[in-house]
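Reviewing the structure listed below.
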Amino acid sequence: MKFYLGCIFFFVSVTSSLWGQDLLPPIYNHKIFEYNAASQNWGVTVNQNGELFVANSQGLLYYNGEEWILNRLPNNTIVRSVVSIGNKIYTGSYEEFGYWTKNQVGLFEYTSLTHLIEDHEFTNEEFWQIVPFGDAIIFRSFSTIYHYKNNRITVWDTDQVITNVTIHNNEVLVSASNIGLFRFQNEKLVPVNDNALLTNKAVIDVIPFQDGLLVGTKLHGCFLLKDGKFTVWDEEINNVLRQYQLNKMLPLDSGEIAFGTIKNGIYLYHQKNKKTKNLNRETGLQNNTVLSMTQFKEQLWVGLDNGLDRIRINTPLSYFTDHSGALGTVYDMAINDSVLYLGSNTGIYFFENNALRFVEGSQGHVWDLETMDGDLLAGHNTGTFKVRGDVLEKISPIAGGYQWVRVPEQQNTFLQGTYTGIAKYTRDSNTSWRVDRIKKISFPVKQLCFEDDYVLWGAHPYKGLFRFKLNETYDEIIETQEFGPDVIPNDYNIKLYNIKNQIVVQSEGTWYKYDPILKKIAIFKEFEPYNFEELISHNGDFFWFNDNEGDKEISFTDLKDNTIFISEPNLQERLVPDAKNIFALNDSIYYLTLSDGFARINLSQLNETLDRFSLPTPTLQYFKDKEHSYDINVEHIEIPFGRSQDIVLQIAAPSLIRPRYYYELSGAKTQSSYLDKGAITFQNLPHGDYLLSIFTVGMNNKKSSPKLVSFEITPPWYLSKVSLVVYFLAFVGLILLVRLYNRRKLERRHNKLKQQLERERAEHIANLEKEKLAKEIRLKQKELASTTMNMAKKNQLILELKNILLMNKDKFGSQQRYRSFMKKLEGSINEDKDWKNFELNFKELHDDFFENLLSQFPNLTPKDLKLCAYLKMNLSSKEIAPLMAITIRGVEIHRYRLRKKLGIDSSQNLSNFLIKFK
């Protein structure tokens, strides 16, 4: 089971130690620069949640455990009195009184009650006291009492200066200055029995006490009213109160009475044992003038003339503090002959008659105090001393006594680490000590522990870890083994312990142990949860650890299920690294060394208190964004998206000192974290619903019941309901537009397809016509070619006949007949009818060929045109010769001449030219 002392205020009473040292509860100072208001705090009150309200010279000061807030009155006057009743905070000021209530966003608003006063005028009155009286409220000034009930105010005038009002046995008791104590009956002051003892004594406060009343006066101490009689109270405490001027009295739940004085702070008087503790500036208060006090559970809030203080009363953790600075840092403690001794960096001290005394001659640094065989020995930087009362006896000149360790199986032999090696201490029969240096070692040894009878481990302050083997007489080292950086991470400031017969070492925060079987250093798994924590003390079963890296909490554990965590701010601030030590008086009482004294811890009382403690659920103080604060009393908070970029909320647990928190955010975004402060900030959360669960946290993540905060970040305007309707309508309109567009597109497509079809149809007809025309052209070409070939064959035949006739000219009987026949053959070859048919067919195929040719080459003859036509038809010279009735040679000569007329060089083909000519 684990506990967390930092969250606890329910502690049982502290008894005085048997040595009489002045052990005081922890005091927490709240300075002016912390709460940012005036120095004087005239009244203090706490509501049921632990929230503090202070009557300050600048207004009503409010503290929720996380934040100080100053609330000013409309007329900016000094607040002289304050009291919390229900959900209202009543305050009194100059010619003004009323109450404050928290509004829906967590801020306090003021309501004045003075307008209810009828037929009465203020006479420079200030209201110094507010007292609940049944279901009524009494406001007191020095001259008048105002009774507020059922929204009506009744004025009770007196002729006396009123210094106090007390409610006792359902009666209003009024203290009149220098006269005594009176009852208010029928709007008149009636003396309470015989007031003779109070004559000429200024009554300052009255409290219930032992079935009677304790009446406190300013300069004459206290008087007890019991069974109708006034008697002088305890003379011992009265002498103190007379000297330091009593100002306030407060009965505490523990049975103590807190007396606040003007000149010397607070006196805590215990009624049973008649003992008194004084808390003043020398013991931790900020100021000796106490103006107000109030108790909340185990906290005593004190309003001072300069600041505010909070005192933990009835705590099992108490302190002795040397505010003079003479004591310095305490390194060790020991008891000898029922006297508590302190060893510090300035010398040796002890308590005598509740006072700290210095042992003369002990100036210097004391490292170790040990009681061995009835003698108190002190390891000092100049040597080692035996302390007897306030007398020192030097028993060793060897400088720097660090630590003693008893030699196994020997009662009277000890070893001590020193600045220059190891010393051996032996006590003889006549109780004197003999000291010898152990040979073969000359370097500093700060820590020692035995592995077995003759194997000793030593830690050098700066240069690592050593394992020594001693001879049988323990006066010489016969073997040395060094463990350096190759074995452990760092050889500086190594810590060395023997834990349950195991050699345990800490280096750079990590725990190791020596394995004697493998003869090497290995990780010490049992201590892994305590890496980077310092082991202050142990007895083999229970261990004291201190977290140097985190919040410096101290833990007391058996390494199993039982662990107590002490996280107390006053303690954490005064712990000194590498100088902490714990001295066990018994199984319950422990003393812890501090930088300016020591602390006393009562574990059994602490366990009893912690068993009854439960963590309080945190409260929500405010919820706001950069522009607006939200109602914290509603079940669900709505935040516009435009203001949700920075959301800040504050939680508090006013009943705790320095509480820790944990929160879990679930919803559109999940997030969780631990907090040391009560402010939670969310940035740029997406819109949606969220549930925030907030816990106060004890040690080991033990959590309280959660405070649940439900909130919603509304969608941005473009995702609002109206926008969604608009989007829907726009979507429907878009669909209609798309349909209309598609319909028109379909119509356009249909028309386009129709046009395309018509175009394709026209193209098809054109193609058919083109094909028909091409077919006709091909037919014409065939006809032309056929005609041409027929002409060529005919002419070829005629030419052959002509040649035959030429060859048989002599056989003709008549030359006339021969010539006639030859003439007819010549006429058949040059017949114009054949050419005209050819020309007609040719022009049908090659329209405008002759015209274009003549337009470019006008000097061409008809015979040239014939040759061009034949060449365009791609006829060879052999085929052309019969058509023109000339020889092939004649065709070639004609072609040559035509080439010149056309301006074509020999490299260009004449037929190709005419074929391509248009």
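Convention: chains lettered A, B, ... in structure tokens order; per-chain residue numbering from 1; ligands numbered from 1 as shown.
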
Neighbour list for Leu867 of chain A as JSON, numbers by chain, cut-off 12 Å, only C-alpha atoms, skip fewer than 2 positions in-chain: {"A": [835, 839, 850, 860, 861, 862, 863, 864, 865, 869, 870, 871, 872, 873, 874, 875, 876, 877, 879, 880, 881, 882, 883, 884, 885, 886, 890, 891, 892, 893, 894, 895, 896, 897, 898, 899, 910, 911, 914]}

Tell me which protein, DNA and RNA residues are within 8 Å of Leu291 of chain A, counting only C-alpha atoms, leaving out same-chain ones fewer than 2 positions away, and put them as a VMD selection string. chain A and resid 40 to 43 247 to 248 260 262 289 293 302 to 305

Residue subset to file, keeping C-alpha atoms, as a PDB file, in the first residue's frame:
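The result, written out as out_7.pdb:
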```
ATOM      1  CA  GLN A  40      -1.532  43.631   6.258  1.00  0.00           C
ATOM      2  CA  ASN A  41      -4.056  40.800   6.500  1.00  0.00           C
ATOM      3  CA  TRP A  42      -6.725  41.695   9.055  1.00  0.00           C
ATOM      4  CA  GLY A  43      -8.870  38.568   8.831  1.00  0.00           C
ATOM      5  CA  ASN A 247      -4.142  39.989  19.916  1.00  0.00           C
ATOM      6  CA  LYS A 248      -5.997  36.811  18.843  1.00  0.00           C
ATOM      7  CA  GLY A 260      -1.475  35.317  18.362  1.00  0.00           C
ATOM      8  CA  ILE A 262       1.631  41.563  18.460  1.00  0.00           C
ATOM      9  CA  THR A 289       2.584  40.600  14.549  1.00  0.00           C
ATOM     10  CA  MET A 293      -5.962  33.165  12.491  1.00  0.00           C
ATOM     11  CA  VAL A 302      -2.171  33.111   9.922  1.00  0.00           C
ATOM     12  CA  GLY A 303      -2.716  36.661   8.700  1.00  0.00           C
ATOM     13  CA  LEU A 304       0.288  38.808   9.612  1.00  0.00           C
ATOM     14  CA  ASP A 305       1.160  42.450   9.544  1.00  0.00           C
TER      15      ASP A 305
END
```

Write out as a list in words each polymer residue whose atoms come within 10 Å of Lys520 of chain A, counting only C-alpha atoms; drop sequence neighbours fewer than 5 positions from it.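 After dropping sequence-adjacent residues, the list is Phe483, Val487, Lys513, Tyr514 and Asp515 of chain A.
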
Atom CA of Ser57 of chain A and atom CA of Thr91 of chain A, how far apart in Å? 12.2 Å

Hey, can you check how far atom CA of Phe913 of chain A sits from atom CA of Lys878 of chain A? 19.2 Å

Mind checking which residues fall within 12 Å of Asn186 of chain A, counting only C-alpha atoms, ignoring those fewer than 5 positions away in the same chain, and posting them as a list in words?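 What passes the distance filter is Trp156, Asp157, Glu171 and Val172 of chain A.
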
Could you state the separation of atom CA of Ala653 of chain A and atom CA of Asn287 of chain A in Å, given to one decimal place? 27.2 Å

Expected answer as a PyMOL selection string: strand (DSSP E) residues in segment 346-574 of chain A: chain A and resi 347-352+355-358+366-372+375-380+383-388+391-396+403-406+413-418+421-427+433-437+447-450+455-460+464-470+477-483+495-499+502-507+510-515+520-523+533-538+543-547+554-557+563-566

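Here the question is which of A:Ile564, A:Leu685, A:Val339, A:Leu724 gets nearest to Ala668 of chain A using only C-alpha atoms, and that residue is A:Leu685.
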
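Minimum distance to Tyr663 of chain A across A:Gln411, A:Ser338, A:Gln645, A:Ser693 (counting only C-alpha atoms) occurs at A:Ser693.
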
Do a neighbour search on Pro316 of chain A at 6 Å with only C-alpha atoms, toss out local chain neighbours closer than 3 positions, and write the hits as a PyMOL selection string. chain A and resi 601-602+606

Output file for the residues above (N, CA and C atoms, as a short mmCIF file (atom, residue, chain, number, x, y, z; two decimals), in the first residue's frame):
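Output (part-v6.cif):
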```cif
data_model
loop_
_atom_site.label_atom_id
_atom_site.label_comp_id
_atom_site.auth_asym_id
_atom_site.auth_seq_id
_atom_site.Cartn_x
_atom_site.Cartn_y
_atom_site.Cartn_z
N ILE A 601 10.56 12.38 12.05
CA ILE A 601 9.47 11.69 11.35
C ILE A 601 8.94 10.58 12.26
N ASN A 602 7.63 10.59 12.52
CA ASN A 602 6.99 9.55 13.30
C ASN A 602 6.19 8.68 12.33
N LEU A 606 2.21 8.63 11.17
CA LEU A 606 1.98 8.92 9.76
C LEU A 606 1.11 7.84 9.12
#
```

Let's see if you can do this: from backbone DSSP, list all helix (DSSP H, G or I) residues in segment 471-679 of chain A, as a list in words.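 Residues meeting the helix (DSSP H, G or I) criterion: Lys525, Glu526, Phe527, Glu528, Pro529, Tyr530, Pro569, Asn570, Leu571, Gln572, Leu603, Ser604, Gln605, Leu606, Asn607, Glu608, Thr609, Leu610, Asp611, Phe641, Gly642 and Arg643 of chain A.
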
Keeping N, CA and C atoms for every residue in the selection just given, could you write it to a file as a compact mmCIF listing (two decimals), in the first residue's frame?
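Dumped everything to out-v4.txt:
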```txt
# COMPACT_ATOMS: atom_id res chain seq x y z
N LYS A 525 19.01 -5.91 -10.11
CA LYS A 525 17.64 -5.80 -10.59
C LYS A 525 16.66 -5.41 -9.48
N GLU A 526 16.90 -5.83 -8.25
CA GLU A 526 15.98 -5.50 -7.16
C GLU A 526 15.87 -4.00 -6.95
N PHE A 527 16.91 -3.24 -7.33
CA PHE A 527 16.90 -1.80 -7.11
C PHE A 527 16.62 -1.01 -8.40
N GLU A 528 16.28 -1.71 -9.48
CA GLU A 528 16.04 -0.99 -10.74
C GLU A 528 14.94 0.06 -10.63
N PRO A 529 13.84 -0.19 -9.86
CA PRO A 529 12.83 0.88 -9.71
C PRO A 529 13.38 2.12 -9.02
N TYR A 530 14.56 2.01 -8.40
CA TYR A 530 15.12 3.14 -7.65
C TYR A 530 16.37 3.70 -8.30
N PRO A 569 7.06 19.99 0.87
CA PRO A 569 7.87 21.08 0.32
C PRO A 569 8.93 21.61 1.26
N ASN A 570 8.57 21.79 2.53
CA ASN A 570 9.55 22.32 3.48
C ASN A 570 10.75 21.40 3.61
N LEU A 571 10.50 20.12 3.54
CA LEU A 571 11.57 19.13 3.65
C LEU A 571 12.42 19.09 2.38
N GLN A 572 11.75 19.10 1.24
CA GLN A 572 12.47 18.99 -0.04
C GLN A 572 13.44 20.14 -0.25
N LEU A 603 6.75 7.53 11.94
CA LEU A 603 6.13 6.70 10.91
C LEU A 603 4.82 6.07 11.37
N SER A 604 4.72 5.65 12.63
CA SER A 604 3.48 5.02 13.09
C SER A 604 2.33 6.02 13.07
N GLN A 605 2.59 7.24 13.51
CA GLN A 605 1.55 8.27 13.45
C GLN A 605 1.19 8.60 12.00
N LEU A 606 2.21 8.63 11.17
CA LEU A 606 1.98 8.92 9.76
C LEU A 606 1.11 7.84 9.12
N ASN A 607 1.38 6.57 9.42
CA ASN A 607 0.58 5.48 8.86
C ASN A 607 -0.87 5.55 9.32
N GLU A 608 -1.07 5.85 10.59
CA GLU A 608 -2.44 5.95 11.11
C GLU A 608 -3.21 7.05 10.38
N THR A 609 -2.56 8.14 10.14
CA THR A 609 -3.22 9.26 9.46
C THR A 609 -3.47 8.96 8.00
N LEU A 610 -2.47 8.37 7.34
CA LEU A 610 -2.61 8.09 5.92
C LEU A 610 -3.69 7.06 5.65
N ASP A 611 -3.91 6.14 6.57
CA ASP A 611 -4.95 5.14 6.40
C ASP A 611 -6.32 5.78 6.34
N PHE A 641 -16.63 27.75 -32.52
CA PHE A 641 -15.39 27.31 -33.15
C PHE A 641 -14.41 28.47 -33.32
N GLY A 642 -14.91 29.65 -33.62
CA GLY A 642 -14.04 30.80 -33.85
C GLY A 642 -13.25 31.22 -32.63
N ARG A 643 -13.69 30.78 -31.42
CA ARG A 643 -12.97 31.16 -30.20
C ARG A 643 -12.30 29.97 -29.54
```

Can you pull out every residue within 8 Å of segment 440-452 of chain A, counting only C-alpha atoms, but drop anything in the same chain fewer than 2 positions away, and send it as number ranges by chain? A: 402-405, 407-408, 416-422, 438, 454-461, 476-478, 495-498, 501-503

Which is closer to Gly401 of chain A than all the others in A:Arg600, A:Arg748, A:His380, A:Arg357, using only C-alpha atoms?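 The shortest atom-to-atom distance to Gly401 of chain A comes from A:His380.
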
Closest of A:Pro659, A:Trp433, A:Ile651, A:Ile395 to Ile694 of chain A - atom-to-atom distances counting only C-alpha atoms: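 Answer, going by the shortest atom-to-atom distance: A:Ile651.
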